[in-house]
file query-v4.pdb (PDB, C-alpha atoms and all ligand atoms)
ATOM      1  CA  MET A  23     -30.056-213.115 -51.376
ATOM      2  CA  THR A  24     -33.613-211.804 -50.969
ATOM      3  CA  GLU A  25     -35.249-212.775 -47.724
ATOM      4  CA  PRO A  26     -37.624-215.762 -47.862
ATOM      5  CA  LEU A  27     -41.312-214.910 -47.811
ATOM      6  CA  LEU A  28     -42.238-218.516 -47.089
ATOM      7  CA  LYS A  29     -40.309-221.284 -45.339
ATOM      8  CA  VAL A  30     -41.439-224.889 -45.465
ATOM      9  CA  GLU A  31     -39.722-227.383 -43.160
ATOM     10  CA  GLY A  32     -40.261-231.149 -43.075
ATOM     11  CA  LEU A  33     -43.831-230.919 -44.342
ATOM     12  CA  LYS A  34     -45.730-234.220 -44.292
ATOM     13  CA  LYS A  35     -49.239-235.380 -45.073
ATOM     14  CA  HIS A  36     -50.023-239.009 -44.357
ATOM     15  CA  PHE A  37     -53.668-239.896 -45.089
ATOM     16  CA  PRO A  38     -54.860-242.884 -43.047
ATOM     17  CA  ILE A  39     -56.270-245.944 -44.824
ATOM     18  CA  THR A  40     -58.847-247.466 -42.517
ATOM     19  CA  GLY A  41     -59.952-251.110 -42.405
ATOM     20  CA  GLY A  42     -61.597-253.811 -40.318
ATOM     21  CA  ILE A  43     -64.857-253.539 -38.388
ATOM     22  CA  MET A  44     -63.508-250.809 -36.099
ATOM     23  CA  GLY A  45     -62.348-248.669 -39.016
ATOM     24  CA  ARG A  46     -58.888-248.269 -37.470
ATOM     25  CA  PRO A  47     -55.996-246.991 -39.607
ATOM     26  CA  VAL A  48     -54.267-250.011 -41.167
ATOM     27  CA  ASN A  49     -51.845-248.061 -43.326
ATOM     28  CA  HIS A  50     -51.092-244.540 -44.540
ATOM     29  CA  VAL A  51     -50.822-242.933 -47.944
ATOM     30  CA  LYS A  52     -47.672-240.840 -47.685
ATOM     31  CA  ALA A  53     -48.907-238.118 -50.047
ATOM     32  CA  VAL A  54     -46.216-235.679 -48.878
ATOM     33  CA  ASP A  55     -43.321-237.106 -46.945
ATOM     34  CA  GLY A  56     -40.920-234.515 -45.569
ATOM     35  CA  VAL A  57     -40.680-231.617 -48.013
ATOM     36  CA  SER A  58     -38.555-228.526 -47.248
ATOM     37  CA  PHE A  59     -37.996-225.413 -49.343
ATOM     38  CA  GLN A  60     -38.053-221.635 -49.203
ATOM     39  CA  VAL A  61     -39.664-219.086 -51.485
ATOM     40  CA  ARG A  62     -38.000-215.701 -51.839
ATOM     41  CA  LYS A  63     -39.964-212.496 -52.091
ATOM     42  CA  GLY A  64     -40.750-211.661 -55.714
ATOM     43  CA  GLU A  65     -39.631-214.977 -57.212
ATOM     44  CA  THR A  66     -41.548-217.763 -58.909
ATOM     45  CA  LEU A  67     -40.874-221.235 -57.602
ATOM     46  CA  GLY A  68     -42.083-223.977 -59.936
ATOM     47  CA  ILE A  69     -43.019-227.333 -58.391
ATOM     48  CA  VAL A  70     -43.160-230.167 -60.901
ATOM     49  CA  GLY A  71     -43.915-233.881 -60.904
ATOM     50  CA  GLU A  72     -46.249-236.566 -62.237
ATOM     51  CA  SER A  73     -49.782-236.790 -60.894
ATOM     52  CA  GLY A  74     -49.814-238.311 -57.422
ATOM     53  CA  CYS A  75     -46.362-236.949 -56.488
ATOM     54  CA  GLY A  76     -47.843-234.722 -53.762
ATOM     55  CA  LYS A  77     -47.366-231.322 -55.414
ATOM     56  CA  SER A  78     -51.016-230.247 -55.161
ATOM     57  CA  THR A  79     -51.332-231.542 -51.589
ATOM     58  CA  THR A  80     -48.235-229.490 -50.753
ATOM     59  CA  GLY A  81     -49.849-226.371 -52.286
ATOM     60  CA  ARG A  82     -53.048-226.906 -50.331
ATOM     61  CA  MET A  83     -51.168-227.443 -47.068
ATOM     62  CA  LEU A  84     -49.400-224.096 -47.485
ATOM     63  CA  MET A  85     -52.832-222.425 -47.252
ATOM     64  CA  ARG A  86     -54.045-224.933 -44.645
ATOM     65  CA  LEU A  87     -56.838-226.068 -46.967
ATOM     66  CA  ILE A  88     -55.439-229.422 -45.825
ATOM     67  CA  ASP A  89     -53.824-229.627 -42.377
ATOM     68  CA  PRO A  90     -50.314-231.116 -42.402
ATOM     69  CA  SER A  91     -49.528-234.282 -40.414
ATOM     70  CA  GLU A  92     -46.105-232.833 -39.501
ATOM     71  CA  GLY A  93     -43.800-229.952 -40.351
ATOM     72  CA  LYS A  94     -43.741-226.177 -40.270
ATOM     73  CA  VAL A  95     -44.841-223.481 -42.715
ATOM     74  CA  THR A  96     -43.667-219.956 -41.898
ATOM     75  CA  PHE A  97     -45.045-217.011 -43.868
ATOM     76  CA  GLU A  98     -43.221-213.758 -43.115
ATOM     77  CA  ASP A  99     -42.819-214.141 -39.335
ATOM     78  CA  LYS A 100     -45.939-216.241 -38.699
ATOM     79  CA  GLU A 101     -45.944-219.967 -38.260
ATOM     80  CA  LEU A 102     -49.087-220.949 -40.141
ATOM     81  CA  THR A 103     -49.292-224.506 -38.858
ATOM     82  CA  SER A 104     -49.931-223.318 -35.292
ATOM     83  CA  LEU A 105     -52.477-220.570 -36.098
ATOM     84  CA  SER A 106     -56.134-220.846 -35.092
ATOM     85  CA  LYS A 107     -58.681-221.199 -37.902
ATOM     86  CA  ALA A 108     -59.754-217.550 -37.391
ATOM     87  CA  ASP A 109     -56.169-216.238 -37.610
ATOM     88  CA  MET A 110     -55.499-218.432 -40.624
ATOM     89  CA  ARG A 111     -58.532-216.921 -42.363
ATOM     90  CA  LYS A 112     -56.953-213.462 -41.966
ATOM     91  CA  ILE A 113     -53.674-214.660 -43.498
ATOM     92  CA  ARG A 114     -55.536-215.947 -46.572
ATOM     93  CA  ARG A 115     -55.906-212.332 -47.620
ATOM     94  CA  ASP A 116     -52.142-212.388 -48.273
ATOM     95  CA  ILE A 117     -51.987-215.891 -49.778
ATOM     96  CA  GLN A 118     -54.370-216.697 -52.597
ATOM     97  CA  MET A 119     -54.787-219.656 -54.894
ATOM     98  CA  VAL A 120     -55.487-220.054 -58.608
ATOM     99  CA  PHE A 121     -56.920-223.463 -59.532
ATOM    100  CA  GLN A 122     -56.526-225.732 -62.526
ATOM    101  CA  ASP A 123     -60.157-225.827 -63.542
ATOM    102  CA  PRO A 124     -61.493-222.283 -63.446
ATOM    103  CA  TYR A 125     -64.980-223.495 -64.327
ATOM    104  CA  ALA A 126     -65.210-225.762 -61.304
ATOM    105  CA  SER A 127     -63.846-223.071 -58.996
ATOM    106  CA  LEU A 128     -66.254-220.308 -60.142
ATOM    107  CA  ASN A 129     -69.822-220.487 -58.830
ATOM    108  CA  PRO A 130     -71.972-220.943 -61.984
ATOM    109  CA  ARG A 131     -74.990-219.195 -60.386
ATOM    110  CA  HIS A 132     -73.097-215.992 -59.581
ATOM    111  CA  THR A 133     -72.193-213.117 -61.883
ATOM    112  CA  VAL A 134     -68.530-212.321 -62.349
ATOM    113  CA  GLU A 135     -69.060-209.192 -60.276
ATOM    114  CA  ARG A 136     -70.352-211.215 -57.320
ATOM    115  CA  ILE A 137     -67.560-213.799 -57.706
ATOM    116  CA  LEU A 138     -64.867-211.122 -57.685
ATOM    117  CA  GLU A 139     -66.431-209.150 -54.875
ATOM    118  CA  GLU A 140     -66.689-212.137 -52.559
ATOM    119  CA  PRO A 141     -63.082-212.228 -51.261
ATOM    120  CA  LEU A 142     -63.402-208.542 -50.309
ATOM    121  CA  ILE A 143     -66.647-209.213 -48.444
ATOM    122  CA  VAL A 144     -65.099-212.208 -46.635
ATOM    123  CA  HIS A 145     -62.177-210.070 -45.480
ATOM    124  CA  GLY A 146     -64.319-206.993 -44.734
ATOM    125  CA  MET A 147     -62.468-204.843 -47.266
ATOM    126  CA  GLY A 148     -63.967-201.648 -48.743
ATOM    127  CA  SER A 149     -67.469-200.207 -49.059
ATOM    128  CA  ALA A 150     -69.909-201.599 -51.648
ATOM    129  CA  LYS A 151     -68.957-198.759 -53.996
ATOM    130  CA  GLU A 152     -65.220-199.318 -53.543
ATOM    131  CA  ARG A 153     -65.645-203.067 -54.083
ATOM    132  CA  LYS A 154     -67.491-202.560 -57.372
ATOM    133  CA  LYS A 155     -64.830-200.098 -58.533
ATOM    134  CA  LYS A 156     -62.119-202.657 -57.753
ATOM    135  CA  VAL A 157     -63.989-205.399 -59.666
ATOM    136  CA  HIS A 158     -64.096-203.219 -62.770
ATOM    137  CA  GLU A 159     -60.446-202.199 -62.404
ATOM    138  CA  LEU A 160     -59.308-205.791 -62.096
ATOM    139  CA  LEU A 161     -61.358-206.992 -65.046
ATOM    140  CA  GLU A 162     -59.499-204.451 -67.182
ATOM    141  CA  ILE A 163     -56.139-205.420 -65.664
ATOM    142  CA  VAL A 164     -56.580-209.110 -66.586
ATOM    143  CA  GLY A 165     -57.580-208.220 -70.148
ATOM    144  CA  LEU A 166     -61.381-208.415 -69.834
ATOM    145  CA  SER A 167     -63.862-205.512 -69.860
ATOM    146  CA  SER A 168     -66.132-203.813 -67.388
ATOM    147  CA  TYR A 169     -69.214-205.069 -69.244
ATOM    148  CA  HIS A 170     -68.170-208.663 -68.437
ATOM    149  CA  ALA A 171     -69.054-208.033 -64.772
ATOM    150  CA  LYS A 172     -72.737-208.833 -65.268
ATOM    151  CA  ARG A 173     -72.114-212.123 -67.099
ATOM    152  CA  TYR A 174     -71.965-215.682 -65.749
ATOM    153  CA  PRO A 175     -68.995-218.079 -65.913
ATOM    154  CA  HIS A 176     -70.538-220.263 -68.664
ATOM    155  CA  GLN A 177     -70.549-217.265 -70.996
ATOM    156  CA  PHE A 178     -66.740-217.239 -71.136
ATOM    157  CA  SER A 179     -64.090-219.334 -72.881
ATOM    158  CA  GLY A 180     -61.613-221.424 -70.814
ATOM    159  CA  GLY A 181     -58.891-218.784 -71.155
ATOM    160  CA  GLN A 182     -61.257-215.989 -70.098
ATOM    161  CA  ARG A 183     -62.444-218.028 -67.116
ATOM    162  CA  GLN A 184     -58.856-218.439 -65.980
ATOM    163  CA  ARG A 185     -58.437-214.666 -66.274
ATOM    164  CA  ILE A 186     -61.444-214.334 -63.942
ATOM    165  CA  GLY A 187     -59.821-216.858 -61.563
ATOM    166  CA  ILE A 188     -56.638-214.760 -61.585
ATOM    167  CA  ALA A 189     -58.617-211.532 -61.034
ATOM    168  CA  ARG A 190     -60.361-213.134 -58.063
ATOM    169  CA  ALA A 191     -57.013-214.143 -56.575
ATOM    170  CA  LEU A 192     -55.757-210.552 -56.956
ATOM    171  CA  MET A 193     -58.768-208.855 -55.346
ATOM    172  CA  THR A 194     -57.324-208.832 -51.806
ATOM    173  CA  GLN A 195     -53.879-207.633 -53.005
ATOM    174  CA  PRO A 196     -52.094-210.812 -51.886
ATOM    175  CA  LYS A 197     -48.328-211.190 -51.497
ATOM    176  CA  LEU A 198     -48.166-214.853 -52.506
ATOM    177  CA  ILE A 199     -50.180-216.706 -55.146
ATOM    178  CA  ILE A 200     -50.182-220.493 -55.292
ATOM    179  CA  ALA A 201     -51.167-221.473 -58.818
ATOM    180  CA  ASP A 202     -52.078-225.154 -59.076
ATOM    181  CA  GLU A 203     -51.784-226.251 -62.721
ATOM    182  CA  PRO A 204     -53.320-222.933 -63.828
ATOM    183  CA  VAL A 205     -52.888-223.562 -67.558
ATOM    184  CA  SER A 206     -53.147-227.375 -67.804
ATOM    185  CA  ALA A 207     -56.809-227.314 -68.860
ATOM    186  CA  LEU A 208     -56.221-224.692 -71.579
ATOM    187  CA  ASP A 209     -55.298-224.995 -75.267
ATOM    188  CA  VAL A 210     -51.594-224.549 -75.927
ATOM    189  CA  SER A 211     -52.139-221.217 -77.738
ATOM    190  CA  ILE A 212     -54.088-219.847 -74.763
ATOM    191  CA  GLN A 213     -51.560-221.197 -72.233
ATOM    192  CA  ALA A 214     -48.908-218.735 -73.442
ATOM    193  CA  GLN A 215     -51.319-215.794 -73.092
ATOM    194  CA  VAL A 216     -52.225-216.700 -69.524
ATOM    195  CA  LEU A 217     -48.553-217.282 -68.601
ATOM    196  CA  ASN A 218     -47.608-213.900 -70.069
ATOM    197  CA  LEU A 219     -50.424-212.244 -68.154
ATOM    198  CA  MET A 220     -49.228-213.837 -64.909
ATOM    199  CA  LYS A 221     -45.691-212.577 -65.572
ATOM    200  CA  GLU A 222     -46.902-209.042 -66.219
ATOM    201  CA  LEU A 223     -49.055-209.062 -63.089
ATOM    202  CA  GLN A 224     -46.115-210.303 -61.043
ATOM    203  CA  GLU A 225     -44.074-207.250 -62.011
ATOM    204  CA  GLU A 226     -46.931-204.822 -61.638
ATOM    205  CA  PHE A 227     -48.057-206.017 -58.211
ATOM    206  CA  ASP A 228     -44.764-207.306 -56.816
ATOM    207  CA  LEU A 229     -46.167-210.826 -56.455
ATOM    208  CA  THR A 230     -44.471-214.036 -55.384
ATOM    209  CA  TYR A 231     -45.663-217.219 -57.106
ATOM    210  CA  ILE A 232     -45.606-220.919 -56.407
ATOM    211  CA  PHE A 233     -46.428-222.456 -59.757
ATOM    212  CA  ILE A 234     -47.427-226.121 -59.650
ATOM    213  CA  ALA A 235     -47.390-228.131 -62.902
ATOM    214  CA  HIS A 236     -46.856-231.645 -64.223
ATOM    215  CA  ASP A 237     -44.897-230.422 -67.202
ATOM    216  CA  LEU A 238     -41.367-229.015 -66.999
ATOM    217  CA  GLY A 239     -41.923-227.265 -70.343
ATOM    218  CA  VAL A 240     -44.697-225.091 -68.892
ATOM    219  CA  VAL A 241     -42.837-223.922 -65.784
ATOM    220  CA  ARG A 242     -39.602-223.189 -67.604
ATOM    221  CA  HIS A 243     -40.440-219.687 -68.789
ATOM    222  CA  ILE A 244     -42.149-218.502 -65.660
ATOM    223  CA  SER A 245     -39.979-219.984 -62.882
ATOM    224  CA  ASP A 246     -36.835-218.541 -61.314
ATOM    225  CA  ARG A 247     -36.254-221.821 -59.491
ATOM    226  CA  VAL A 248     -37.790-225.239 -59.952
ATOM    227  CA  GLY A 249     -38.328-228.103 -57.504
ATOM    228  CA  VAL A 250     -39.050-231.618 -58.771
ATOM    229  CA  MET A 251     -41.168-233.977 -56.670
ATOM    230  CA  TYR A 252     -41.446-237.750 -56.816
ATOM    231  CA  LEU A 253     -43.644-239.864 -54.548
ATOM    232  CA  GLY A 254     -44.136-237.233 -51.868
ATOM    233  CA  LYS A 255     -40.527-236.041 -51.709
ATOM    234  CA  MET A 256     -38.579-233.257 -53.348
ATOM    235  CA  VAL A 257     -35.752-234.888 -55.298
ATOM    236  CA  GLU A 258     -34.132-231.838 -56.928
ATOM    237  CA  LEU A 259     -34.309-228.059 -56.532
ATOM    238  CA  SER A 260     -32.270-225.410 -58.298
ATOM    239  CA  GLU A 261     -32.219-222.194 -60.278
ATOM    240  CA  SER A 262     -34.343-222.825 -63.340
ATOM    241  CA  GLU A 263     -31.497-222.349 -65.834
ATOM    242  CA  ASN A 264     -29.204-224.835 -64.059
ATOM    243  CA  LEU A 265     -31.945-227.433 -63.804
ATOM    244  CA  TYR A 266     -32.661-227.299 -67.522
ATOM    245  CA  VAL A 267     -29.011-227.202 -68.605
ATOM    246  CA  GLU A 268     -27.620-229.685 -66.088
ATOM    247  CA  PRO A 269     -30.337-231.781 -64.450
ATOM    248  CA  LEU A 270     -28.732-233.963 -61.765
ATOM    249  CA  HIS A 271     -31.440-236.355 -60.622
ATOM    250  CA  PRO A 272     -32.191-239.255 -63.004
ATOM    251  CA  TYR A 273     -35.918-238.546 -62.636
ATOM    252  CA  THR A 274     -35.477-234.886 -63.675
ATOM    253  CA  GLN A 275     -33.297-236.055 -66.565
ATOM    254  CA  ALA A 276     -36.110-238.354 -67.735
ATOM    255  CA  LEU A 277     -38.794-235.656 -67.366
ATOM    256  CA  LEU A 278     -36.659-233.157 -69.268
ATOM    257  CA  SER A 279     -35.874-235.584 -72.065
ATOM    258  CA  ALA A 280     -39.603-235.530 -72.914
ATOM    259  CA  VAL A 281     -39.692-231.727 -73.275
ATOM    260  CA  PRO A 282     -39.225-230.669 -76.929
ATOM    261  CA  ILE A 283     -36.264-228.331 -77.545
ATOM    262  CA  PRO A 284     -36.739-225.675 -80.240
ATOM    263  CA  ASP A 285     -32.974-225.467 -80.978
ATOM    264  CA  PRO A 286     -31.955-228.354 -83.334
ATOM    265  CA  ALA A 287     -28.258-227.934 -82.371
ATOM    266  CA  PHE A 288     -29.156-228.984 -78.859
ATOM    267  CA  GLU A 289     -30.358-232.552 -78.835
ATOM    268  CA  ARG A 290     -31.332-234.848 -76.036
ATOM    269  CA  ASP A 291     -32.097-238.542 -76.132
ATOM    270  CA  THR A 292     -35.505-239.438 -74.783
ATOM    271  CA  ILE A 293     -35.240-241.454 -71.572
ATOM    272  CA  LEU A 294     -38.208-243.779 -71.251
ATOM    273  CA  LEU A 295     -39.003-244.614 -67.669
ATOM    274  CA  GLN A 296     -40.029-248.180 -67.032
ATOM    275  CA  GLY A 297     -43.102-249.088 -65.034
ATOM    276  CA  ASP A 298     -45.709-246.931 -63.373
ATOM    277  CA  ILE A 299     -45.305-244.603 -60.460
ATOM    278  CA  PRO A 300     -45.526-246.856 -57.329
ATOM    279  CA  SER A 301     -48.323-246.434 -54.791
ATOM    280  CA  PRO A 302     -47.642-243.819 -52.089
ATOM    281  CA  SER A 303     -49.249-246.224 -49.588
ATOM    282  CA  ASN A 304     -46.425-248.656 -50.197
ATOM    283  CA  PRO A 305     -43.444-246.704 -51.538
ATOM    284  CA  PRO A 306     -40.290-248.631 -52.499
ATOM    285  CA  SER A 307     -37.567-248.888 -49.822
ATOM    286  CA  GLY A 308     -34.427-246.724 -49.957
ATOM    287  CA  CYS A 309     -34.662-244.299 -52.862
ATOM    288  CA  ALA A 310     -38.320-244.431 -53.915
ATOM    289  CA  PHE A 311     -37.247-243.968 -57.544
ATOM    290  CA  HIS A 312     -35.068-247.103 -57.608
ATOM    291  CA  THR A 313     -37.757-249.258 -59.279
ATOM    292  CA  ARG A 314     -37.636-247.023 -62.372
ATOM    293  CA  CYS A 315     -34.135-245.543 -62.269
ATOM    294  CA  PRO A 316     -31.717-246.477 -65.076
ATOM    295  CA  HIS A 317     -28.748-245.873 -62.694
ATOM    296  CA  ALA A 318     -30.032-247.766 -59.627
ATOM    297  CA  MET A 319     -27.287-249.356 -57.484
ATOM    298  CA  ASP A 320     -27.494-251.763 -54.530
ATOM    299  CA  VAL A 321     -27.353-248.925 -52.000
ATOM    300  CA  CYS A 322     -30.407-247.303 -53.629
ATOM    301  CA  ARG A 323     -32.639-250.200 -52.560
ATOM    302  CA  SER A 324     -31.762-249.963 -48.873
ATOM    303  CA  LYS A 325     -30.759-246.381 -48.065
ATOM    304  CA  THR A 326     -32.817-243.222 -48.576
ATOM    305  CA  PRO A 327     -30.597-240.542 -50.168
ATOM    306  CA  GLU A 328     -30.427-237.218 -48.323
ATOM    307  CA  PHE A 329     -31.625-234.018 -49.991
ATOM    308  CA  LYS A 330     -28.325-232.084 -50.099
ATOM    309  CA  GLU A 331     -26.749-229.057 -51.765
ATOM    310  CA  HIS A 332     -24.478-230.600 -54.417
ATOM    311  CA  LEU A 333     -23.638-227.378 -56.281
ATOM    312  CA  PRO A 334     -24.282-223.836 -54.966
ATOM    313  CA  GLY A 335     -28.067-223.494 -54.722
ATOM    314  CA  HIS A 336     -28.582-226.844 -56.492
ATOM    315  CA  TYR A 337     -30.054-229.533 -54.208
ATOM    316  CA  VAL A 338     -30.498-233.192 -55.080
ATOM    317  CA  ALA A 339     -31.428-236.424 -53.312
ATOM    318  CA  CYS A 340     -29.470-239.150 -55.093
ATOM    319  CA  HIS A 341     -26.656-241.553 -54.115
ATOM    320  CA  LEU A 342     -24.818-240.741 -57.362
ATOM    321  CA  TYR A 343     -23.791-237.425 -55.747
ATOM    322  CA  GLU A 344     -23.392-238.519 -52.138
ATOM    323  CA  ASP A 345     -19.591-238.654 -51.914
ATOM    324  CA  SER A 346     -18.891-235.395 -53.657
ATOM    325  CA  LYS A 347     -20.007-233.130 -50.806
TER     326      LYS A 347
HETATM  327 FE1  LIG B   1     -31.375-243.636 -59.068
HETATM  328 FE2  LIG B   1     -30.113-244.456 -56.892
HETATM  329 FE3  LIG B   1     -30.114-241.889 -57.501
HETATM  330 FE4  LIG B   1     -32.331-243.085 -56.647
HETATM  331  S1  LIG B   1     -30.457-242.770 -55.469
HETATM  332  S2  LIG B   1     -32.160-241.691 -58.326
HETATM  333  S3  LIG B   1     -32.140-245.072 -57.584
HETATM  334  S4  LIG B   1     -29.176-243.531 -58.666
END

call {"tool": "encode", "arguments": {"input": "query-v4.pdb", "output": "C-alpha cells"}}
result
Amino acid sequence: MTEPLLKVEGLKKHFPITGGIMGRPVNHVKAVDGVSFQVRKGETLGIVGESGCGKSTTGRMLMRLIDPSEGKVTFEDKELTSLSKADMRKIRRDIQMVFQDPYASLNPRHTVERILEEPLIVHGMGSAKERKKKVHELLEIVGLSSYHAKRYPHQFSGGQRQRIGIARALMTQPKLIIADEPVSALDVSIQAQVLNLMKELQEEFDLTYIFIAHDLGVVRHISDRVGVMYLGKMVELSESENLYVEPLHPYTQALLSAVPIPDPAFERDTILLQGDIPSPSNPPSGCAFHTRCPHAMDVCRSKTPEFKEHLPGHYVACHLYEDSK
C-alpha cells in the first residue's frame, strides 16, 4: 500500500453557541465530531454528504483555515495542528484549495495575471519574470490562453473561472489539493470538462486530491476511495468501486439510490429518507442516523456504532455489521 500523505485522527470542530447576558457558551454545534481517515500519495479521496454534514469544515481544518477543537492532522511527517501560524503558512505552499464558487474566490479588481501571481509572491517564489512565465504556462495547461492574463474574472464563463481557480491552486506546485465542491456551481456539460481536466493534471503533476461533494454521482469517476459523512461523522469509507457496488451503510444506500445508473440491466429502487437532517447542535442519541434509518433497531437509539473495518479496506459505522467482526 502506498504511504499516506495525510493522516487525520479524531478530528473535531465544536462551534460554541453563546447565550445569556454574559455571552457564555450554552451549547455547541458539533460540526465535525471525531473524523479519522488517511489519504495515500497520488490518490483521490472523495468526501460526500448532505449540506451541514461537516465535509467542508473538515476540508478547511486540514489547511487550518479553521482551527480544530480536537484531533490531529499529519501531513508527511509534520503535525499541522501544533504548528505556529508562520510555519503553517509555509506548508500551504504544498496544500492548496479549490473552492466551489470561483467567482467569489477570485478578486474582481485584479487581472488574472495578478491573481495567479499572488501565491508565488506570498511564498517568495521566483523573480517577477519567472512568475509571469509561470502564469502564462499554467493558463495554457488549464486550457486557457496567454492573452487571458490581462483580463478580469467577470470576463470569463463559470467553467473558465474554475480553470483559473485550478491554475491558481497549481502555481506553487502543491502536493495535495483540497477541492471543495469544485464543480457544483457549473452546468452539467461543463462539470465533465473540469473533472477531466483535474484528472489529467493529477497524472501530469503527481497530485493527491481530496474531493468534497454533496453528490455521489460526481465523485464516482474521479475518486479512488470515497468517505461518506453524516452529521459530523464518517459513516462509511471504502474503495470507490466497492462502495458503489456494495454500499453497507443505510445512509450510503439511500444516497446511491438517488444516483441515476446508465445501465438499464442494473436497477436500484429509490430509497426515500424520511425527515430532515437533524441539527448538529442537538444530534440524536446513539446512531445519529436512527431518526431516518429504515433499519433502525432499539440498540441504535442508545449506542453509538463504532467505525470499524467490516471488509478489507471497507469501513462502516452501523450496528447491522457489529457482530460480524
Ligand atoms: Fe441504521 Fe442502526 Fe445502522 Fe444507524 S446503526 S445506520 S440506525 S441500522

call {"tool": "closest_residue", "arguments": {"input": "query-v4.pdb", "among": "A:Thr313, A:Arg114, A:Ile299, A:His271", "to": "Lys330 in chain A", "atoms": "only C-alpha atoms"}}
result
A:His271

call {"tool": "closest_atom_pairs", "arguments": {"input": "query-v4.pdb", "of": "chain A", "to": "ligand LIG 1 (chain B)", "cutoff": "9 Å", "atoms": "all atoms listed in the file", "output": "Markdown table"}}
result
| residue | atom | partner | partner_atom | distance |
| --- | --- | --- | --- | --- |
| A:Val257 | CA | B:LIG1 | S2 | 8.3 |
| A:His271 | CA | B:LIG1 | S2 | 5.9 |
| A:Pro272 | CA | B:LIG1 | S2 | 5.3 |
| A:Tyr273 | CA | B:LIG1 | S2 | 6.5 |
| A:Gly308 | CA | B:LIG1 | S1 | 7.9 |
| A:Cys309 | CA | B:LIG1 | FE4 | 4.6 |
| A:Ala310 | CA | B:LIG1 | FE4 | 6.7 |
| A:Phe311 | CA | B:LIG1 | FE4 | 5.1 |
| A:His312 | CA | B:LIG1 | S3 | 3.6 |
| A:Thr313 | CA | B:LIG1 | S3 | 7.2 |
| A:Arg314 | CA | B:LIG1 | S3 | 7.5 |
| A:Cys315 | CA | B:LIG1 | FE1 | 4.6 |
| A:Pro316 | CA | B:LIG1 | FE1 | 6.7 |
| A:His317 | CA | B:LIG1 | S4 | 4.7 |
| A:Ala318 | CA | B:LIG1 | S3 | 4.0 |
| A:Met319 | CA | B:LIG1 | FE2 | 5.7 |
| A:Asp320 | CA | B:LIG1 | FE2 | 8.1 |
| A:Val321 | CA | B:LIG1 | FE2 | 7.2 |
| A:Cys322 | CA | B:LIG1 | FE2 | 4.3 |
| A:Arg323 | CA | B:LIG1 | S3 | 7.2 |
| A:Lys325 | CA | B:LIG1 | S1 | 8.2 |
| A:Thr326 | CA | B:LIG1 | S1 | 7.3 |
| A:Pro327 | CA | B:LIG1 | S1 | 5.8 |
| A:Ala339 | CA | B:LIG1 | S1 | 6.8 |
| A:Cys340 | CA | B:LIG1 | FE3 | 3.7 |
| A:His341 | CA | B:LIG1 | S1 | 4.2 |
| A:Leu342 | CA | B:LIG1 | S4 | 5.3 |
| A:Tyr343 | CA | B:LIG1 | FE3 | 7.9 |
| A:Glu344 | CA | B:LIG1 | S1 | 8.9 |

call {"tool": "closest_residue", "arguments": {"input": "query-v4.pdb", "among": "A:Arg86, A:Val164, A:Pro204, A:Tyr125", "to": "Ser106 in chain A", "atoms": "all atoms listed in the file"}}
result
A:Arg86

call {"tool": "resolve_selection", "arguments": {"input": "query-v4.pdb", "expression": "the PyMOL selection byres (((chain A and resi 75) around 8) and not hetatm)", "output": "list of chain:residue names"}}
result
A:Ala53, A:Val54, A:Gly71, A:Glu72, A:Ser73, A:Gly74, A:Gly76, A:Lys77, A:Met251, A:Tyr252, A:Leu253, A:Gly254, A:Lys255

call {"tool": "residues_around", "arguments": {"input": "query-v4.pdb", "residues": "Gln224 in chain A", "least_positions_apart": "5", "cutoff": "10 Å", "atoms": "all atoms listed in the file", "output": "ChimeraX atom specification"}}
result
/A:64-66,197-199,218-219,229-231

call {"tool": "write_last_selection", "arguments": {"input": "query-v4.pdb", "atoms": "C-alpha atoms", "output": "compact mmCIF listing (two decimals), keeping the file's coordinate frame"}}
result
# COMPACT_ATOMS: atom_id res chain seq x y z
CA GLY A 64 -40.75 -211.66 -55.71
CA GLU A 65 -39.63 -214.98 -57.21
CA THR A 66 -41.55 -217.76 -58.91
CA LYS A 197 -48.33 -211.19 -51.50
CA LEU A 198 -48.17 -214.85 -52.51
CA ILE A 199 -50.18 -216.71 -55.15
CA ASN A 218 -47.61 -213.90 -70.07
CA LEU A 219 -50.42 -212.24 -68.15
CA LEU A 229 -46.17 -210.83 -56.46
CA THR A 230 -44.47 -214.04 -55.38
CA TYR A 231 -45.66 -217.22 -57.11

call {"tool": "resolve_selection", "arguments": {"input": "query-v4.pdb", "expression": "the PyMOL selection byres (((chain A and resi 36) around 12) and not hetatm)", "output": "list in words"}}
result
Leu33, Lys34, Lys35, Phe37, Pro38, Ile39, Pro47, Asn49, His50, Val51, Lys52, Ala53, Val54, Asp55, Gly56, Gly76, Thr79, Thr80, Met83, Ile88, Asp89, Pro90, Ser91, Glu92, Gly93, Gly254, Pro302, Ser303 and Asn304 of chain A

call {"tool": "atom_distance", "arguments": {"input": "query-v4.pdb", "atom1": "CA of Asn129 in chain A", "atom2": "CA of Ala235 in chain A"}}
result
24.0 Å

call {"tool": "resolve_selection", "arguments": {"input": "query-v4.pdb", "expression": "the PyMOL selection byres (((chain A and resi 68) around 8) and not hetatm)", "output": "ChimeraX atom specification"}}
result
/A:66-67,69-70,232-235,241,244-249

call {"tool": "residues_near_point", "arguments": {"input": "query-v4.pdb", "point": "(-67.8, -208.6, -69.4)", "cutoff": "10 Å", "atoms": "all atoms listed in the file", "output": "number ranges by chain"}}
result
A: 133-135, 158, 161-162, 166-174, 177-178, 182

call {"tool": "atom_distance", "arguments": {"input": "query-v4.pdb", "atom1": "CA of Thr96 in chain A", "atom2": "CA of Ser58 in chain A"}}
result
11.3 Å

call {"tool": "closest_residue", "arguments": {"input": "query-v4.pdb", "among": "A:Ile137, A:Ile43, A:Met193, A:Leu294", "to": "Arg115 in chain A", "atoms": "all atoms listed in the file"}}
result
A:Met193
